[in-house]
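Encoded as structure tokens, the structure appears first; notes follow it.
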There are 2 protein chains.
Amino acid sequence: MSLLDRLGLAAPIVQAPMAGTSTPRLAAAVSNAGGLGSISVGAVRADRAREMIGEVRRATSGPFNVNVFCHRPARHDPARNAAWLAALAPEFARCEATPPPQLAEIYTSLLADADMVDVLLDTPPPVVSFHFGLPSPEVIDRLKAAGIVLFATVTSLAEAEAAIVAGVDVLVAQGWEAGGHRGIFDPTGPDPQLGVAALTRMLVRRLDAPVIAAGGIMDGAGVAAMLALGAQAAQLGTAFIACPESSADAFHRAALFGPGASATEMTALISGRPARCLPNRFTALKAGAAGRTPIPDYPVAYDAGKALASAARARGDGGYGAQWAGQGAPLARALPAADLMATLVRELAEAGKVRRVAERDERWIASTP
Amino acid sequence: MSLLDRLGLAAPIVQAPMAGTSTPRLAAAVSNAGGLGSISVGAVRADRAREMIGEVRRATSGPFNVNVFCHRPARHDPARNAAWLAALAPEFARCEATPPPQLAEIYTSLLADADMVDVLLDTPPPVVSFHFGLPSPEVIDRLKAAGIVLFATVTSLAEAEAAIVAGVDVLVAQGWEAGGHRGIFDPTGPDPQLGVAALTRMLVRRLDAPVIAAGGIMDGAGVAAMLALGAQAAQLGTAFIACPESSADAFHRAALFGPGASATEMTALISGRPARCLPNRFTALKAGAAGRTPIPDYPVAYDAGKALASAARARGDGGYGAQWAGQGAPLARALPAADLMATLVRELAEAGKVRRVAERDERWIASTP
């Protein structure tokens with residue numbers, strides 16, 4: 001059975017879970033339009049996750065995806081934290097603020113969050129997606145037993161193979177182009193930086209699991225291209241940032257439509273893990289002391305990053321925000337989610353028509369021996 | 001008129017020019033199979049270029065492409081060269097060889113090579129493609145007046161706009177995935193590292209010029225995906241390395257089918273300009289003294305790189321070679337060029353059929369308002 005049939009989707013389009021930017025309202029709008037809406041509960045506690053899942057359910061009867069973070073819990077390293085805060089001190093001073101006295105692991109990996117597992121099992125969402133790695137075999141077994149379809153973000157063939165061995169149903173092939181946090185399991189290891197097309201084709205050719213392609217895809221032609229590669233759907237995140245249903249702030253929206261859109265950068269400075277961001281004051285810190293200082297583990301570094309962004313925002317400066325975006329940012333459109341979905345579906349159909357016209361003269365086929 | 005019609009191509013497939021790896025025989029085989037074969041004369045003198053163009057013409061009546069390098073000529077910096085040779089000295093010692101006493105600019109940019117321009121004008125090839133930048137307006141005017149269709153490698157919207165303003169006819173959108181030398185005009189400036197899908201779609205949406213998509217494409221489904229993005233053709237390089245018609249040595253071929261294929265790296269250590277390479281002894285030097293030493297300009301550094309590779313090869317060690325490959329390397333196939341072209345064309349037709357089957361139930365189209 002195709003993934004679309006299994007999930008009951010009318011369109012091969014997944015709205016990417018974007019912690020801090022996607023909302024239950026956005027997810028429901030996408031699901032109501034025939035796609036797979038997603039929320040992320042990676043950065044909230046179990047009780048808030050329960051509320052968010054309820055909000056989605058009340059707003060749609062369609063399928064939806066709940067994303068969780070499966071990173072290795074942070075190491076406690078007060079010396080590293082202190083050095084990091086010292087490196088950021090001039091930036092806090094610039095905002096007429098003082099750095100927080102210490103840094104905390106501001107949210108919990110699913111690997112250490114039994115309450116979150118209970119929430120997922122209490123009222124199982126149709127899909128749960130893993131980012132930054134995989135949970136324990138026991139948790140995977142329990143989620144599967146509850147009838148949940150499991151997705152995992154992968155950035156390489158090796159991660160894909162690990163996900164399949166662990167029992168994951170669907171691979172989300174995240175290319176180097178993708179905005180926000182790179183899902184690579186071990187951010188301290190080598191990163192092959194595979195583009196979405198190469199990665200998707202490799203997974204489709206080598207493995208049997210369904211693949212959803214993610215990274216830099218902004219329109220129906222982009223979705224059509226991923227289907228041509230053998231993906232069963234495409235996942236779009238940046239395309240949805242400018243929807244009124246997202247919780248992106250005015251600074252993020254302005255940056256998305258600004259000159260930096262064509263120059264997104266992968267940076268670990270903001271959160272402690274590599275993430276693709278619109279260039280701003282925070283990404284520019286790579287050139288200074290922060291660029292030479294060991295960064296605390298994710299999400300400990302993010303505690304500092306969020307404090308700095310808040311201090312700046314209090315003075316009307318949005319330049320230290322986590323303004324995540326993918327390489328397709330210059331093609332972003334500010335449309336209500338339902339309109340954007342209708343546009344994507346229409347563009348996808350048109351991309352099919354272009355192919356049909358091109359095939360009519362059968363030049364390529366005629367060349368086949 | 002479509003690019004295929006303009007060039008008289010039966011298949012929307014360009015064999016990438018790969019200096020040192022592609023050959024007149026490979027180019028002719030691809031052109032005879034309905035694609036656009038390419039040679040590069042970027043690393044040879046004008047007299048040898050004339051011979052190579054003649055070899056292609058004698059072997060095919062089809063269209064073909066002659067690639068030239070348009071980098072800024074190297075700066076003469078003896079101190080930098082000496083420091084670089086000192087950094088590589090332990091590697092030469094490991095090969096029981098001594099570094100060359102000095103380094104030279106081992107080949108000439110088209111920007112400083114009037115003889116090469118004359119060769120191109122004497123017997124104009126159907127296509128000339130520029131890499132690393134653009135020649136002067138005067139040279140572009142003369143090549144166009146001779147009826148040559150001009151391609152330029154671009155890695156960003158800004159480079160694409162510059163190419164169009166300069167009079168270039170066709171944009172080769174080179175994604176971050178691509179093997180060999182990155183065509184970025186200014187290798188010292190910021191690099192947005194755009195993946196081929198995001199870059200191609202951006203150029204197609206924003207500009208009127210025909211686009212050829214390059215980077216990580218290995219099979220007919222990959223070509224189909226690029227056409228879905230609006231490219232008029234796809235350019236494949238790594239897919240042709242293992243053809244018997246290429247001049248890749250046995251070490252390069254072995255590395256292409258080895259475990260490093262899934263971990264290609266962008267490195268400037270070998271030649272002085274960033275290029276995507278299979279991981280080997282040379283790319284590994286980033287972790288040592290060479291990784292901390294300023295690299296001479298391209299192609300001065302390449303003089304040292306080639307000397308080191310030769311010294312190692314003389315001892316049976318192929319690990320210092322310029323083993324360029326793109327991110328799609330794990331999908332490489334060792335087939336004669338004609339067979340590979342027939343396979344690609346058949347796969348492309350099949351990718352079209354898959355799309356047609358998927359569209360038959362019209363689920364996506366039915367969702368359109």
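All residue names refer to the structure tokens as shown: chains lettered A, B, ... in order, residues numbered from 1 in each chain, ligands numbered from 1 in order.
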
Enumerate, as number ranges by chain, the complete set of residues in stretch 16-260 of chain B that a backbone-based DSSP assignment places in strand (DSSP E).
B: 37-40, 64-69, 127-131, 149-154, 170-174, 180-181, 211-214, 233-236

Using only C-alpha atoms, determine which residues of chain A fall within 8 Å of chain B; present them as a PDB file with C-alpha atoms, in the first residue's frame.
```
ATOM      1  CA  ALA A  10      -4.974  13.287  -0.637  1.00  0.00           C
ATOM      2  CA  ALA A  11      -1.739  15.154  -1.395  1.00  0.00           C
ATOM      3  CA  PRO A  12       1.866  13.924  -1.148  1.00  0.00           C
ATOM      4  CA  GLY A  34      -5.289  16.850   2.315  1.00  0.00           C
ATOM      5  CA  TRP A 176      21.633  19.649   3.481  1.00  0.00           C
ATOM      6  CA  GLU A 177      19.245  22.301   2.116  1.00  0.00           C
ATOM      7  CA  ASP A 191      28.547  14.934   8.071  1.00  0.00           C
ATOM      8  CA  PRO A 192      28.398  14.022   4.371  1.00  0.00           C
ATOM      9  CA  LEU A 194      24.061  15.155   1.226  1.00  0.00           C
ATOM     10  CA  GLY A 195      21.682  17.177  -0.891  1.00  0.00           C
ATOM     11  CA  VAL A 196      18.062  16.079  -0.873  1.00  0.00           C
ATOM     12  CA  ALA A 197      18.048  14.723  -4.421  1.00  0.00           C
ATOM     13  CA  ALA A 198      21.159  12.577  -4.005  1.00  0.00           C
ATOM     14  CA  LEU A 199      20.055  11.337  -0.572  1.00  0.00           C
ATOM     15  CA  ARG A 201      17.599   8.643  -4.727  1.00  0.00           C
ATOM     16  CA  MET A 202      20.151   6.666  -2.727  1.00  0.00           C
ATOM     17  CA  GLY A 216      14.667  23.279   0.003  1.00  0.00           C
ATOM     18  CA  ILE A 217      11.339  22.271  -1.556  1.00  0.00           C
ATOM     19  CA  ALA A 221       7.393  21.491  -9.157  1.00  0.00           C
ATOM     20  CA  GLY A 222       9.710  20.734  -6.254  1.00  0.00           C
ATOM     21  CA  ALA A 224       6.974  16.625  -8.443  1.00  0.00           C
ATOM     22  CA  ALA A 225      10.765  16.358  -8.633  1.00  0.00           C
ATOM     23  CA  MET A 226      10.903  14.434  -5.366  1.00  0.00           C
ATOM     24  CA  LEU A 227       8.182  12.056  -6.595  1.00  0.00           C
ATOM     25  CA  ALA A 228      10.217  11.520  -9.780  1.00  0.00           C
ATOM     26  CA  LEU A 229      13.110  10.432  -7.544  1.00  0.00           C
ATOM     27  CA  GLY A 230      10.865   7.800  -5.998  1.00  0.00           C
ATOM     28  CA  SER A 262      19.623  33.448  -0.512  1.00  0.00           C
ATOM     29  CA  ALA A 263      22.454  33.002   1.993  1.00  0.00           C
ATOM     30  CA  THR A 264      21.188  30.730   4.764  1.00  0.00           C
ATOM     31  CA  GLU A 265      23.888  29.263   6.999  1.00  0.00           C
ATOM     32  CA  GLN A 327      17.884  27.120   1.082  1.00  0.00           C
ATOM     33  CA  GLY A 328      14.597  27.591  -0.766  1.00  0.00           C
ATOM     34  CA  PRO A 330      13.869  33.093  -1.636  1.00  0.00           C
ATOM     35  CA  LEU A 331      10.803  31.280  -2.990  1.00  0.00           C
ATOM     36  CA  ALA A 342      -4.259  24.448  -2.893  1.00  0.00           C
ATOM     37  CA  THR A 343      -1.479  26.242  -4.778  1.00  0.00           C
ATOM     38  CA  VAL A 345      -1.521  20.817  -5.368  1.00  0.00           C
ATOM     39  CA  ARG A 346      -2.337  22.846  -8.477  1.00  0.00           C
ATOM     40  CA  LEU A 348       1.993  19.633  -8.767  1.00  0.00           C
ATOM     41  CA  ALA A 349      -0.733  18.799 -11.260  1.00  0.00           C
ATOM     42  CA  ALA A 351       4.175  19.852 -13.331  1.00  0.00           C
ATOM     43  CA  GLY A 352       2.611  16.557 -14.368  1.00  0.00           C
ATOM     44  CA  VAL A 354       4.384  19.678 -18.466  1.00  0.00           C
ATOM     45  CA  ARG A 355       5.898  16.226 -18.309  1.00  0.00           C
ATOM     46  CA  ARG A 356       3.078  14.801 -20.396  1.00  0.00           C
ATOM     47  CA  GLU A 359       6.675  13.136 -23.522  1.00  0.00           C
ATOM     48  CA  ARG A 363      12.067  11.812 -28.448  1.00  0.00           C
ATOM     49  CA  TRP A 364      13.621  10.291 -25.375  1.00  0.00           C
ATOM     50  CA  ILE A 365      11.600   7.141 -25.598  1.00  0.00           C
ATOM     51  CA  SER A 367      16.062   6.811 -28.411  1.00  0.00           C
ATOM     52  CA  THR A 368      15.641   3.730 -26.240  1.00  0.00           C
ATOM     53  CA  PRO A 369      17.220   0.688 -27.881  1.00  0.00           C
TER      54      PRO A 369
END
```

For A:Thr153, find every residue with an atom within 9 Å (counting only C-alpha atoms), except residues of its own chain fewer than 2 positions away, and show them as a PyMOL selection string.
chain A and resi 129-133+151+155+159-160+163+170-174+182-185

As a PDB file with N, CA and C atoms, in the first residue's frame, please: the residues near B:Val168 (cut-off 9 Å, only C-alpha atoms, same-chain neighbours under 2 positions excluded).
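For reference, result_21.pdb as written:
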```pdb
ATOM      1  N   LEU B 134      33.641  34.047 -15.769  1.00  0.00           N
ATOM      2  CA  LEU B 134      33.268  34.438 -17.130  1.00  0.00           C
ATOM      3  C   LEU B 134      34.450  35.125 -17.810  1.00  0.00           C
ATOM      4  N   ILE B 140      33.465  37.041 -25.133  1.00  0.00           N
ATOM      5  CA  ILE B 140      32.100  36.508 -25.262  1.00  0.00           C
ATOM      6  C   ILE B 140      31.488  36.939 -26.594  1.00  0.00           C
ATOM      7  N   LYS B 144      30.272  34.309 -29.528  1.00  0.00           N
ATOM      8  CA  LYS B 144      28.873  34.322 -29.974  1.00  0.00           C
ATOM      9  C   LYS B 144      28.783  34.624 -31.469  1.00  0.00           C
ATOM     10  N   VAL B 149      27.159  28.347 -28.923  1.00  0.00           N
ATOM     11  CA  VAL B 149      26.235  28.487 -27.792  1.00  0.00           C
ATOM     12  C   VAL B 149      27.072  28.463 -26.513  1.00  0.00           C
ATOM     13  N   LEU B 150      26.839  29.439 -25.652  1.00  0.00           N
ATOM     14  CA  LEU B 150      27.682  29.599 -24.465  1.00  0.00           C
ATOM     15  C   LEU B 150      26.972  29.130 -23.195  1.00  0.00           C
ATOM     16  N   PHE B 151      27.620  28.227 -22.474  1.00  0.00           N
ATOM     17  CA  PHE B 151      27.155  27.767 -21.167  1.00  0.00           C
ATOM     18  C   PHE B 151      28.058  28.393 -20.093  1.00  0.00           C
ATOM     19  N   ALA B 152      27.522  28.594 -18.902  1.00  0.00           N
ATOM     20  CA  ALA B 152      28.372  28.960 -17.769  1.00  0.00           C
ATOM     21  C   ALA B 152      27.902  28.227 -16.525  1.00  0.00           C
ATOM     22  N   ALA B 162      24.802  37.455 -13.292  1.00  0.00           N
ATOM     23  CA  ALA B 162      26.014  37.997 -13.918  1.00  0.00           C
ATOM     24  C   ALA B 162      26.269  37.321 -15.261  1.00  0.00           C
ATOM     25  N   ALA B 163      26.040  36.015 -15.321  1.00  0.00           N
ATOM     26  CA  ALA B 163      26.270  35.282 -16.566  1.00  0.00           C
ATOM     27  C   ALA B 163      25.318  35.757 -17.664  1.00  0.00           C
ATOM     28  N   ILE B 164      24.067  35.980 -17.298  1.00  0.00           N
ATOM     29  CA  ILE B 164      23.086  36.422 -18.297  1.00  0.00           C
ATOM     30  C   ILE B 164      23.429  37.823 -18.793  1.00  0.00           C
ATOM     31  N   VAL B 165      23.776  38.704 -17.871  1.00  0.00           N
ATOM     32  CA  VAL B 165      24.154  40.066 -18.267  1.00  0.00           C
ATOM     33  C   VAL B 165      25.346  40.022 -19.226  1.00  0.00           C
ATOM     34  N   ALA B 166      26.256  39.055 -18.994  1.00  0.00           N
ATOM     35  CA  ALA B 166      27.453  38.958 -19.830  1.00  0.00           C
ATOM     36  C   ALA B 166      27.155  38.369 -21.209  1.00  0.00           C
ATOM     37  N   VAL B 170      23.127  29.739 -21.645  1.00  0.00           N
ATOM     38  CA  VAL B 170      22.593  28.614 -20.866  1.00  0.00           C
ATOM     39  C   VAL B 170      23.307  28.541 -19.519  1.00  0.00           C
ATOM     40  N   LEU B 171      22.514  28.378 -18.445  1.00  0.00           N
ATOM     41  CA  LEU B 171      23.063  28.291 -17.095  1.00  0.00           C
ATOM     42  C   LEU B 171      23.234  26.831 -16.694  1.00  0.00           C
ATOM     43  N   ALA B 209      16.604  32.316 -18.756  1.00  0.00           N
ATOM     44  CA  ALA B 209      17.577  31.490 -19.481  1.00  0.00           C
ATOM     45  C   ALA B 209      17.346  30.002 -19.229  1.00  0.00           C
TER      46      ALA B 209
END
```

List every residue of stretch 24-170 of chain B that DSSP, applied to the backbone of this structure, assigns to alpha helix (DSSP H), and report them as a ChimeraX atom specification.
/B:24-32,46-59,78-94,114-122,137-145,157-166

Could you write those residues out with C-alpha atoms, as a PDB file, in the first residue's frame?
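Result file is selection_38.pdb:
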```pdb
ATOM      1  CA  PRO B  24      37.327  12.966 -26.671  1.00  0.00           C
ATOM      2  CA  ARG B  25      36.297   9.310 -27.002  1.00  0.00           C
ATOM      3  CA  LEU B  26      33.865   9.601 -24.072  1.00  0.00           C
ATOM      4  CA  ALA B  27      32.418  12.845 -25.406  1.00  0.00           C
ATOM      5  CA  ALA B  28      31.916  11.362 -28.868  1.00  0.00           C
ATOM      6  CA  ALA B  29      30.227   8.249 -27.467  1.00  0.00           C
ATOM      7  CA  VAL B  30      27.761  10.390 -25.512  1.00  0.00           C
ATOM      8  CA  SER B  31      27.060  12.645 -28.483  1.00  0.00           C
ATOM      9  CA  ASN B  32      26.570   9.630 -30.734  1.00  0.00           C
ATOM     10  CA  ALA B  46      45.942  25.611 -27.007  1.00  0.00           C
ATOM     11  CA  ASP B  47      47.737  23.224 -29.354  1.00  0.00           C
ATOM     12  CA  ARG B  48      46.540  20.200 -27.411  1.00  0.00           C
ATOM     13  CA  ALA B  49      43.048  21.674 -27.261  1.00  0.00           C
ATOM     14  CA  ARG B  50      43.044  21.890 -31.039  1.00  0.00           C
ATOM     15  CA  GLU B  51      43.972  18.207 -31.264  1.00  0.00           C
ATOM     16  CA  MET B  52      41.308  17.177 -28.738  1.00  0.00           C
ATOM     17  CA  ILE B  53      38.579  19.088 -30.561  1.00  0.00           C
ATOM     18  CA  GLY B  54      39.689  17.384 -33.782  1.00  0.00           C
ATOM     19  CA  GLU B  55      39.485  13.987 -32.089  1.00  0.00           C
ATOM     20  CA  VAL B  56      35.903  14.629 -31.052  1.00  0.00           C
ATOM     21  CA  ARG B  57      34.928  15.854 -34.523  1.00  0.00           C
ATOM     22  CA  ARG B  58      36.395  12.783 -36.174  1.00  0.00           C
ATOM     23  CA  ALA B  59      34.454  10.481 -33.840  1.00  0.00           C
ATOM     24  CA  PRO B  78      56.710  32.538  -3.393  1.00  0.00           C
ATOM     25  CA  ALA B  79      56.502  32.744   0.405  1.00  0.00           C
ATOM     26  CA  ARG B  80      53.069  31.148   0.442  1.00  0.00           C
ATOM     27  CA  ASN B  81      54.251  28.464  -1.989  1.00  0.00           C
ATOM     28  CA  ALA B  82      57.284  27.679   0.174  1.00  0.00           C
ATOM     29  CA  ALA B  83      55.169  27.398   3.320  1.00  0.00           C
ATOM     30  CA  TRP B  84      52.759  25.120   1.482  1.00  0.00           C
ATOM     31  CA  LEU B  85      55.549  22.843   0.270  1.00  0.00           C
ATOM     32  CA  ALA B  86      56.897  22.750   3.822  1.00  0.00           C
ATOM     33  CA  ALA B  87      53.474  21.682   5.100  1.00  0.00           C
ATOM     34  CA  LEU B  88      53.366  18.889   2.502  1.00  0.00           C
ATOM     35  CA  ALA B  89      56.990  17.841   3.049  1.00  0.00           C
ATOM     36  CA  PRO B  90      56.134  15.026   5.520  1.00  0.00           C
ATOM     37  CA  GLU B  91      53.792  13.546   2.902  1.00  0.00           C
ATOM     38  CA  PHE B  92      56.490  13.633   0.223  1.00  0.00           C
ATOM     39  CA  ALA B  93      58.855  12.022   2.737  1.00  0.00           C
ATOM     40  CA  ARG B  94      56.298   9.309   3.351  1.00  0.00           C
ATOM     41  CA  ALA B 114      44.559  34.456 -26.400  1.00  0.00           C
ATOM     42  CA  ASP B 115      45.808  31.337 -28.194  1.00  0.00           C
ATOM     43  CA  MET B 116      42.973  29.282 -26.702  1.00  0.00           C
ATOM     44  CA  VAL B 117      40.410  31.839 -27.841  1.00  0.00           C
ATOM     45  CA  ASP B 118      41.865  31.578 -31.339  1.00  0.00           C
ATOM     46  CA  VAL B 119      41.537  27.780 -31.294  1.00  0.00           C
ATOM     47  CA  LEU B 120      37.885  28.076 -30.271  1.00  0.00           C
ATOM     48  CA  LEU B 121      37.239  30.576 -33.072  1.00  0.00           C
ATOM     49  CA  ASP B 122      39.158  28.672 -35.752  1.00  0.00           C
ATOM     50  CA  PRO B 137      32.795  40.857 -22.841  1.00  0.00           C
ATOM     51  CA  GLU B 138      35.012  41.049 -25.914  1.00  0.00           C
ATOM     52  CA  VAL B 139      35.757  37.298 -25.875  1.00  0.00           C
ATOM     53  CA  ILE B 140      32.100  36.508 -25.262  1.00  0.00           C
ATOM     54  CA  ASP B 141      31.109  38.672 -28.234  1.00  0.00           C
ATOM     55  CA  ARG B 142      33.619  36.944 -30.512  1.00  0.00           C
ATOM     56  CA  LEU B 143      32.536  33.443 -29.482  1.00  0.00           C
ATOM     57  CA  LYS B 144      28.873  34.322 -29.974  1.00  0.00           C
ATOM     58  CA  ALA B 145      29.602  35.894 -33.353  1.00  0.00           C
ATOM     59  CA  LEU B 157      21.303  33.395  -8.342  1.00  0.00           C
ATOM     60  CA  ALA B 158      23.837  36.250  -8.277  1.00  0.00           C
ATOM     61  CA  GLU B 159      26.302  34.345 -10.465  1.00  0.00           C
ATOM     62  CA  ALA B 160      23.470  33.374 -12.806  1.00  0.00           C
ATOM     63  CA  GLU B 161      22.416  37.002 -13.177  1.00  0.00           C
ATOM     64  CA  ALA B 162      26.014  37.997 -13.918  1.00  0.00           C
ATOM     65  CA  ALA B 163      26.270  35.282 -16.566  1.00  0.00           C
ATOM     66  CA  ILE B 164      23.086  36.422 -18.297  1.00  0.00           C
ATOM     67  CA  VAL B 165      24.154  40.066 -18.267  1.00  0.00           C
ATOM     68  CA  ALA B 166      27.453  38.958 -19.830  1.00  0.00           C
TER      69      ALA B 166
END
```

Using only C-alpha atoms, can you tell me which of B:Pro274, B:Pro299, B:Pro63, B:Pro126 comes closest to B:Ser109?
B:Pro299

Record the distance separating atom CA of B:Pro294 and atom CA of B:Thr267, expressed in Å with one decimal.
13.1 Å

Would you pick out the contacts of stretch 38-45 of chain A at 7 Å or less, using only C-alpha atoms, so that residues sharing its chain but fewer than 5 positions from it are not included, and give the list as a count of residues only?
16
